[in-house]
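One file, query.txt, is given below (compact mmCIF, C-alpha atoms).
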```
# COMPACT_ATOMS: atom_id res chain seq x y z
CA MET A 9 -15.72 -23.08 18.99
CA ASP A 10 -18.20 -25.75 17.99
CA PRO A 11 -17.65 -26.53 14.27
CA ALA A 12 -21.40 -26.47 13.90
CA THR A 13 -21.25 -22.68 14.16
CA ALA A 14 -19.07 -22.43 11.07
CA VAL A 15 -20.43 -20.62 8.05
CA PRO A 16 -21.07 -22.97 5.09
CA ALA A 17 -18.13 -23.29 2.70
CA GLU A 18 -20.15 -21.89 -0.19
CA SER A 19 -20.42 -18.66 1.81
CA GLY A 20 -16.65 -18.41 2.25
CA GLY A 21 -16.58 -20.28 5.53
CA PRO A 22 -14.38 -23.23 6.52
CA VAL A 23 -14.22 -26.25 4.23
CA ARG A 24 -14.27 -29.82 5.50
CA GLY A 25 -11.39 -32.00 4.39
CA ASP A 26 -11.49 -35.72 3.72
CA ASP A 27 -10.18 -36.17 7.26
CA GLY A 28 -13.30 -34.46 8.61
CA LEU A 29 -11.48 -31.34 9.82
CA LEU A 30 -12.58 -27.81 8.95
CA ARG A 31 -10.01 -25.44 7.46
CA THR A 32 -9.90 -22.08 5.76
CA PRO A 33 -10.63 -22.48 2.02
CA TRP A 34 -7.04 -21.79 0.90
CA ALA A 35 -5.92 -24.85 2.86
CA GLY A 36 -8.74 -27.06 1.67
CA THR A 37 -7.28 -28.94 -1.29
CA ASP A 38 -3.55 -28.39 -1.94
CA PRO A 39 -1.66 -30.90 0.27
CA LEU A 40 1.26 -28.48 0.71
CA MET A 41 -0.99 -25.65 1.87
CA ARG A 42 -2.95 -28.00 4.10
CA GLU A 43 0.20 -29.19 5.85
CA TYR A 44 1.37 -25.59 6.25
CA TYR A 45 -1.98 -24.61 7.78
CA ASP A 46 -2.10 -27.65 10.07
CA THR A 47 1.46 -27.48 11.37
CA GLU A 48 2.75 -23.94 11.13
CA TRP A 49 0.61 -21.06 9.92
CA GLY A 50 -0.66 -18.96 12.79
CA SER A 51 1.56 -20.56 15.42
CA PRO A 52 3.55 -17.98 17.43
CA VAL A 53 7.07 -17.27 16.17
CA ARG A 54 9.16 -15.30 18.65
CA THR A 55 12.77 -15.84 17.59
CA GLU A 56 14.81 -13.35 15.61
CA GLN A 57 15.82 -15.89 12.98
CA GLY A 58 12.31 -17.26 12.63
CA LEU A 59 10.78 -13.84 12.16
CA PHE A 60 13.52 -12.70 9.80
CA GLU A 61 12.88 -15.76 7.64
CA ARG A 62 9.15 -15.11 7.54
CA LEU A 63 9.62 -11.40 6.85
CA SER A 64 11.99 -12.26 4.00
CA LEU A 65 9.69 -14.85 2.47
CA GLU A 66 6.70 -12.53 2.69
CA ALA A 67 8.71 -9.91 0.80
CA PHE A 68 9.63 -12.40 -1.91
CA GLN A 69 5.98 -13.51 -2.11
CA SER A 70 4.82 -10.06 -3.19
CA GLY A 71 3.13 -10.51 -6.57
CA LEU A 72 3.31 -14.31 -6.38
CA SER A 73 1.31 -17.07 -4.71
CA TRP A 74 2.32 -18.27 -1.25
CA ALA A 75 2.33 -21.84 -2.56
CA THR A 76 5.12 -20.84 -4.96
CA ILE A 77 7.22 -19.56 -2.07
CA LEU A 78 6.54 -22.65 0.05
CA ARG A 79 7.73 -24.90 -2.76
CA LYS A 80 10.97 -22.91 -2.95
CA ARG A 81 11.42 -22.55 0.80
CA GLU A 82 14.26 -25.04 1.23
CA ALA A 83 16.09 -23.45 -1.70
CA PHE A 84 15.67 -20.05 -0.06
CA ARG A 85 17.03 -21.42 3.21
CA ALA A 86 20.08 -22.83 1.46
CA ALA A 87 20.66 -19.64 -0.52
CA PHE A 88 20.35 -17.37 2.53
CA HIS A 89 22.32 -19.53 4.98
CA GLY A 90 19.26 -20.62 6.92
CA PHE A 91 18.26 -16.96 7.29
CA ASP A 92 20.99 -16.44 9.86
CA VAL A 93 20.78 -12.68 10.35
CA ASP A 94 24.49 -12.04 10.77
CA ALA A 95 25.42 -14.24 7.81
CA VAL A 96 22.96 -12.49 5.49
CA ALA A 97 23.95 -9.06 6.80
CA ALA A 98 27.50 -9.82 5.66
CA PHE A 99 26.46 -10.56 2.06
CA GLY A 100 28.06 -8.36 -0.58
CA ASP A 101 27.84 -7.74 -4.31
CA ALA A 102 29.19 -11.20 -5.15
CA ASP A 103 26.42 -12.78 -3.12
CA VAL A 104 23.80 -10.73 -4.94
CA GLU A 105 25.13 -11.98 -8.27
CA ARG A 106 25.24 -15.55 -6.94
CA LEU A 107 21.63 -15.34 -5.84
CA LEU A 108 20.55 -13.92 -9.18
CA GLN A 109 21.88 -17.11 -10.79
CA ASP A 110 20.07 -19.42 -8.33
CA ALA A 111 17.11 -20.92 -10.18
CA GLY A 112 15.75 -22.38 -6.94
CA ILE A 113 14.66 -18.99 -5.58
CA VAL A 114 12.82 -15.94 -6.88
CA ARG A 115 15.52 -14.07 -8.79
CA ASN A 116 14.50 -10.48 -8.19
CA ARG A 117 17.40 -8.09 -7.62
CA ALA A 118 15.39 -5.55 -5.63
CA LYS A 119 14.04 -8.20 -3.27
CA ILE A 120 17.46 -9.83 -2.83
CA VAL A 121 19.10 -6.49 -2.03
CA ALA A 122 16.23 -5.63 0.32
CA THR A 123 16.64 -8.93 2.18
CA ILE A 124 20.30 -8.20 2.79
CA GLY A 125 19.46 -4.69 3.95
CA ASN A 126 16.70 -6.05 6.17
CA ALA A 127 19.20 -8.41 7.80
CA ARG A 128 21.40 -5.44 8.64
CA ALA A 129 18.39 -3.54 9.95
CA THR A 130 17.41 -6.56 12.06
CA ALA A 131 20.87 -6.72 13.62
CA ALA A 132 20.71 -2.99 14.34
CA LEU A 133 17.45 -3.51 16.27
CA ARG A 134 19.07 -5.69 18.93
CA PRO A 135 19.86 -2.83 21.36
CA GLU A 136 16.14 -1.89 21.24
CA GLY A 137 14.99 -5.39 22.15
CA GLY A 138 15.21 -6.91 18.69
CA LEU A 139 12.89 -7.73 15.83
CA PRO A 140 10.61 -10.00 17.92
CA ALA A 141 9.90 -7.25 20.44
CA LEU A 142 9.09 -4.75 17.70
CA ILE A 143 6.78 -7.06 15.78
CA TRP A 144 4.96 -8.42 18.82
CA SER A 145 4.47 -4.92 20.25
CA HIS A 146 1.93 -4.46 17.43
CA ARG A 147 -0.33 -7.30 18.50
CA PRO A 148 -3.93 -6.00 18.51
CA GLU A 149 -5.72 -5.76 21.83
CA VAL A 150 -9.02 -6.97 20.39
CA PRO A 151 -8.84 -10.35 18.59
CA LEU A 152 -10.36 -10.79 15.16
CA ARG A 153 -13.14 -13.36 14.80
CA PRO A 154 -13.67 -13.85 11.05
CA ARG A 155 -16.33 -16.36 10.03
CA THR A 156 -15.63 -16.11 6.28
CA VAL A 157 -12.61 -15.26 4.17
CA ASP A 158 -14.30 -12.00 3.19
CA GLU A 159 -14.19 -10.94 6.83
CA VAL A 160 -10.40 -11.25 6.97
CA PRO A 161 -8.86 -7.80 6.35
CA THR A 162 -5.84 -7.27 4.13
CA SER A 163 -4.37 -4.72 6.54
CA THR A 164 -5.18 -3.23 9.93
CA PRO A 165 -4.14 -0.13 11.88
CA GLU A 166 -1.60 -2.34 13.66
CA SER A 167 -0.06 -3.58 10.41
CA VAL A 168 0.09 -0.01 9.11
CA ALA A 169 1.90 1.03 12.29
CA LEU A 170 4.27 -1.95 12.10
CA ALA A 171 5.11 -1.16 8.48
CA ALA A 172 5.86 2.43 9.40
CA ALA A 173 8.02 1.40 12.35
CA LEU A 174 10.04 -1.00 10.21
CA ARG A 175 10.48 1.49 7.38
CA ALA A 176 11.71 4.08 9.86
CA ARG A 177 14.44 1.62 10.82
CA GLY A 178 15.55 0.95 7.26
CA PHE A 179 13.47 -2.09 6.29
CA ARG A 180 12.12 -2.44 2.75
CA PHE A 181 9.27 -4.46 1.17
CA VAL A 182 7.37 -4.13 4.45
CA GLY A 183 4.08 -2.55 3.38
CA PRO A 184 0.94 -2.80 5.53
CA THR A 185 -0.54 -5.71 3.55
CA THR A 186 2.71 -7.68 3.61
CA MET A 187 3.09 -7.02 7.33
CA PHE A 188 -0.46 -8.14 8.04
CA ALA A 189 0.29 -11.40 6.23
CA LEU A 190 3.41 -11.72 8.40
CA MET A 191 1.36 -11.08 11.54
CA GLU A 192 -1.13 -13.78 10.52
CA ALA A 193 1.57 -16.31 9.69
CA THR A 194 3.50 -15.81 12.91
CA GLY A 195 0.57 -15.80 15.33
CA VAL A 196 0.65 -12.09 16.16
CA VAL A 197 -2.96 -12.01 15.00
CA ASP A 198 -5.30 -15.01 14.68
CA THR A 199 -7.35 -14.98 11.50
CA ARG A 200 -8.23 -18.66 11.47
CA LEU A 201 -11.91 -18.82 10.65
CA VAL A 202 -14.36 -19.42 13.46
CA GLY A 203 -15.14 -23.12 13.43
CA SER A 204 -11.87 -24.21 11.83
CA HIS A 205 -9.98 -26.88 13.70
CA ARG A 206 -6.97 -24.76 14.65
CA ARG A 207 -8.85 -21.69 15.81
CA GLY A 208 -7.55 -20.64 19.24
CA THR A 209 -5.06 -23.51 19.56
CA ASP A 210 -1.97 -21.34 20.20
```

Any chance you could put this one into structure tokens?
Amino acid sequence: MDPATAVPAESGGPVRGDDGLLRTPWAGTDPLMREYYDTEWGSPVRTEQGLFERLSLEAFQSGLSWATILRKREAFRAAFHGFDVDAVAAFGDADVERLLQDAGIVRNRAKIVATIGNARATAALRPEGGLPALIWSHRPEVPLRPRTVDEVPTSTPESVALAAALRARGFRFVGPTTMFALMEATGVVDTRLVGSHRRGTD
């Protein structure tokens, strides 16, 4: 899409960085968020480990800013053994207590316990095709084409259905809004604003 068709930034459209590239407003100023937008957000993730990591981080993000989670991401990876599904599924009570003492992560007992349970649920999905198949089966048929941030929904029928499917299989902290954020982050749905430099690149 020609950047000239972008809605002005003051209307919630893409913002132009000092490098001349147009990005969604949340990636316009913070260098960490800009790098995340430019190199990762919205790119397809199709591996079990990659999707389990993103699902886990989205759960921990609930009630916090995504920038906070990004800054703690390496600490999360260390604490959860690189989000290896089988390793996390084997965590027990001692691991929960260890994680509650880890100042590098978000120390929330319910979210820690849920992450361990979600690892077990992820492993249990393998005979059905695995977590990637389940998540990607909820990709919408009609792509979204938001021109402003106000046009980006917080949930969709597909994210509602994905949340329900995951809950039915024992997952927790997987509400429709959280699952829509997961779908955006992993390329299942493209909500990059029309005119932004990464729109339609994956």

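Reported to one decimal place, the separation of CA of Phe84 (chain A) from CA of Ala111 (chain A) is 10.3 Å.
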
Using only C-alpha atoms, determine which residues lie at most 7 Å from Val53 (chain A), disregarding the query and same-chain residues fewer than 4 positions distant; provide the list as a ChimeraX atom specification.
/A:58-59,194-195

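Restricting the calculation to all atoms listed in the file, the smallest distance between Leu108 (chain A) and any of A:Gly137, A:Val121, A:Pro165, A:Leu142 is found for A:Val121.
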
Using Å and a single decimal, report how far CA of Gly36 (chain A) sits from CA of Met191 (chain A).
21.3 Å

Could you state the separation of CA of Asp92 (chain A) and CA of Leu72 (chain A) in Å, given to one decimal place?
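Going from CA of Asp92 (chain A) over to CA of Leu72 (chain A), I get 24.1 Å.
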
With distances taken over only C-alpha atoms, the candidate from A:Val104, A:Val182, A:Leu152, A:Val160 nearest Val197 (chain A) is A:Leu152

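Of the residues under consideration (A:Ala75, A:Ile124, A:Met187, A:Ala129), A:Met187 shows the shortest atom-to-atom contact distance to Trp144 (chain A) when counting all atoms listed in the file.
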
Applying 9 Å and all atoms listed in the file, which residues near Ala193 (chain A) remain after dropping the ones on its own chain fewer than 2 positions away? List them as number ranges by chain.
A: 48-53, 62, 188-191, 195-198

With distances taken over all atoms listed in the file, the candidate from A:Ala67, A:Ala97, A:Val150, A:Ala83 nearest Ala132 (chain A) is A:Ala97

Using all atoms listed in the file: which of A:Gly28, A:Gln69, A:Gly203, A:Leu170 has the shortest distance to Arg153 (chain A)
A:Gly203

Complete region 135-156 of chain A with N, CA, C and O atoms (output as a PDB file, keeping the file's coordinate frame).
```
ATOM      1  N   PRO A 135      19.811  -3.661  20.143  1.00  0.00           N
ATOM      2  CA  PRO A 135      19.860  -2.830  21.360  1.00  0.00           C
ATOM      3  C   PRO A 135      18.486  -2.336  21.814  1.00  0.00           C
ATOM      4  O   PRO A 135      18.318  -1.958  22.980  1.00  0.00           O
ATOM      5  N   GLU A 136      17.504  -2.341  20.908  1.00  0.00           N
ATOM      6  CA  GLU A 136      16.140  -1.890  21.240  1.00  0.00           C
ATOM      7  C   GLU A 136      15.239  -3.050  21.668  1.00  0.00           C
ATOM      8  O   GLU A 136      14.040  -2.862  21.849  1.00  0.00           O
ATOM      9  N   GLY A 137      15.794  -4.235  21.779  1.00  0.00           N
ATOM     10  CA  GLY A 137      14.990  -5.390  22.150  1.00  0.00           C
ATOM     11  C   GLY A 137      14.829  -6.385  21.020  1.00  0.00           C
ATOM     12  O   GLY A 137      14.339  -7.491  21.230  1.00  0.00           O
ATOM     13  N   GLY A 138      15.202  -5.971  19.812  1.00  0.00           N
ATOM     14  CA  GLY A 138      15.210  -6.910  18.690  1.00  0.00           C
ATOM     15  C   GLY A 138      13.938  -6.917  17.867  1.00  0.00           C
ATOM     16  O   GLY A 138      12.918  -6.318  18.226  1.00  0.00           O
ATOM     17  N   LEU A 139      14.024  -7.617  16.746  1.00  0.00           N
ATOM     18  CA  LEU A 139      12.890  -7.730  15.830  1.00  0.00           C
ATOM     19  C   LEU A 139      11.656  -8.357  16.485  1.00  0.00           C
ATOM     20  O   LEU A 139      10.536  -7.874  16.273  1.00  0.00           O
ATOM     21  N   PRO A 140      11.812  -9.427  17.286  1.00  0.00           N
ATOM     22  CA  PRO A 140      10.610 -10.000  17.920  1.00  0.00           C
ATOM     23  C   PRO A 140       9.850  -9.000  18.786  1.00  0.00           C
ATOM     24  O   PRO A 140       8.622  -8.927  18.726  1.00  0.00           O
ATOM     25  N   ALA A 141      10.580  -8.220  19.575  1.00  0.00           N
ATOM     26  CA  ALA A 141       9.900  -7.250  20.440  1.00  0.00           C
ATOM     27  C   ALA A 141       9.147  -6.213  19.622  1.00  0.00           C
ATOM     28  O   ALA A 141       8.015  -5.842  19.962  1.00  0.00           O
ATOM     29  N   LEU A 142       9.753  -5.760  18.528  1.00  0.00           N
ATOM     30  CA  LEU A 142       9.090  -4.750  17.700  1.00  0.00           C
ATOM     31  C   LEU A 142       7.833  -5.314  17.052  1.00  0.00           C
ATOM     32  O   LEU A 142       6.763  -4.692  17.094  1.00  0.00           O
ATOM     33  N   ILE A 143       7.945  -6.476  16.456  1.00  0.00           N
ATOM     34  CA  ILE A 143       6.780  -7.060  15.780  1.00  0.00           C
ATOM     35  C   ILE A 143       5.664  -7.364  16.764  1.00  0.00           C
ATOM     36  O   ILE A 143       4.502  -7.000  16.544  1.00  0.00           O
ATOM     37  N   TRP A 144       5.996  -8.014  17.871  1.00  0.00           N
ATOM     38  CA  TRP A 144       4.960  -8.420  18.820  1.00  0.00           C
ATOM     39  C   TRP A 144       4.359  -7.242  19.588  1.00  0.00           C
ATOM     40  O   TRP A 144       3.261  -7.360  20.137  1.00  0.00           O
ATOM     41  N   SER A 145       5.045  -6.101  19.589  1.00  0.00           N
ATOM     42  CA  SER A 145       4.470  -4.920  20.250  1.00  0.00           C
ATOM     43  C   SER A 145       3.266  -4.384  19.469  1.00  0.00           C
ATOM     44  O   SER A 145       2.512  -3.551  19.983  1.00  0.00           O
ATOM     45  N   HIS A 146       3.062  -4.897  18.247  1.00  0.00           N
ATOM     46  CA  HIS A 146       1.930  -4.460  17.430  1.00  0.00           C
ATOM     47  C   HIS A 146       0.779  -5.464  17.427  1.00  0.00           C
ATOM     48  O   HIS A 146      -0.110  -5.400  16.574  1.00  0.00           O
ATOM     49  N   ARG A 147       0.787  -6.349  18.379  1.00  0.00           N
ATOM     50  CA  ARG A 147      -0.330  -7.300  18.500  1.00  0.00           C
ATOM     51  C   ARG A 147      -1.591  -6.537  18.897  1.00  0.00           C
ATOM     52  O   ARG A 147      -1.572  -5.744  19.838  1.00  0.00           O
ATOM     53  N   PRO A 148      -2.697  -6.746  18.193  1.00  0.00           N
ATOM     54  CA  PRO A 148      -3.930  -6.000  18.510  1.00  0.00           C
ATOM     55  C   PRO A 148      -4.500  -6.419  19.856  1.00  0.00           C
ATOM     56  O   PRO A 148      -4.379  -7.579  20.270  1.00  0.00           O
ATOM     57  N   GLU A 149      -5.114  -5.470  20.531  1.00  0.00           N
ATOM     58  CA  GLU A 149      -5.720  -5.760  21.830  1.00  0.00           C
ATOM     59  C   GLU A 149      -7.011  -6.563  21.677  1.00  0.00           C
ATOM     60  O   GLU A 149      -7.328  -7.405  22.510  1.00  0.00           O
ATOM     61  N   VAL A 150      -7.748  -6.280  20.617  1.00  0.00           N
ATOM     62  CA  VAL A 150      -9.020  -6.970  20.390  1.00  0.00           C
ATOM     63  C   VAL A 150      -8.825  -8.018  19.301  1.00  0.00           C
ATOM     64  O   VAL A 150      -8.448  -7.693  18.172  1.00  0.00           O
ATOM     65  N   PRO A 151      -9.055  -9.302  19.599  1.00  0.00           N
ATOM     66  CA  PRO A 151      -8.840 -10.350  18.590  1.00  0.00           C
ATOM     67  C   PRO A 151      -9.873 -10.279  17.477  1.00  0.00           C
ATOM     68  O   PRO A 151     -11.016  -9.852  17.681  1.00  0.00           O
ATOM     69  N   LEU A 152      -9.451 -10.678  16.294  1.00  0.00           N
ATOM     70  CA  LEU A 152     -10.360 -10.790  15.160  1.00  0.00           C
ATOM     71  C   LEU A 152     -11.105 -12.121  15.246  1.00  0.00           C
ATOM     72  O   LEU A 152     -10.567 -13.108  15.722  1.00  0.00           O
ATOM     73  N   ARG A 153     -12.342 -12.136  14.775  1.00  0.00           N
ATOM     74  CA  ARG A 153     -13.140 -13.360  14.800  1.00  0.00           C
ATOM     75  C   ARG A 153     -13.830 -13.552  13.441  1.00  0.00           C
ATOM     76  O   ARG A 153     -15.067 -13.548  13.353  1.00  0.00           O
ATOM     77  N   PRO A 154     -13.054 -13.702  12.370  1.00  0.00           N
ATOM     78  CA  PRO A 154     -13.670 -13.850  11.050  1.00  0.00           C
ATOM     79  C   PRO A 154     -14.394 -15.173  10.889  1.00  0.00           C
ATOM     80  O   PRO A 154     -13.898 -16.223  11.306  1.00  0.00           O
ATOM     81  N   ARG A 155     -15.574 -15.135  10.291  1.00  0.00           N
ATOM     82  CA  ARG A 155     -16.330 -16.360  10.030  1.00  0.00           C
ATOM     83  C   ARG A 155     -16.226 -16.759   8.563  1.00  0.00           C
ATOM     84  O   ARG A 155     -16.536 -17.891   8.212  1.00  0.00           O
ATOM     85  N   THR A 156     -15.827 -15.824   7.705  1.00  0.00           N
ATOM     86  CA  THR A 156     -15.630 -16.110   6.280  1.00  0.00           C
ATOM     87  C   THR A 156     -14.335 -15.439   5.837  1.00  0.00           C
ATOM     88  O   THR A 156     -13.829 -14.515   6.504  1.00  0.00           O
TER      89      THR A 156
END
```
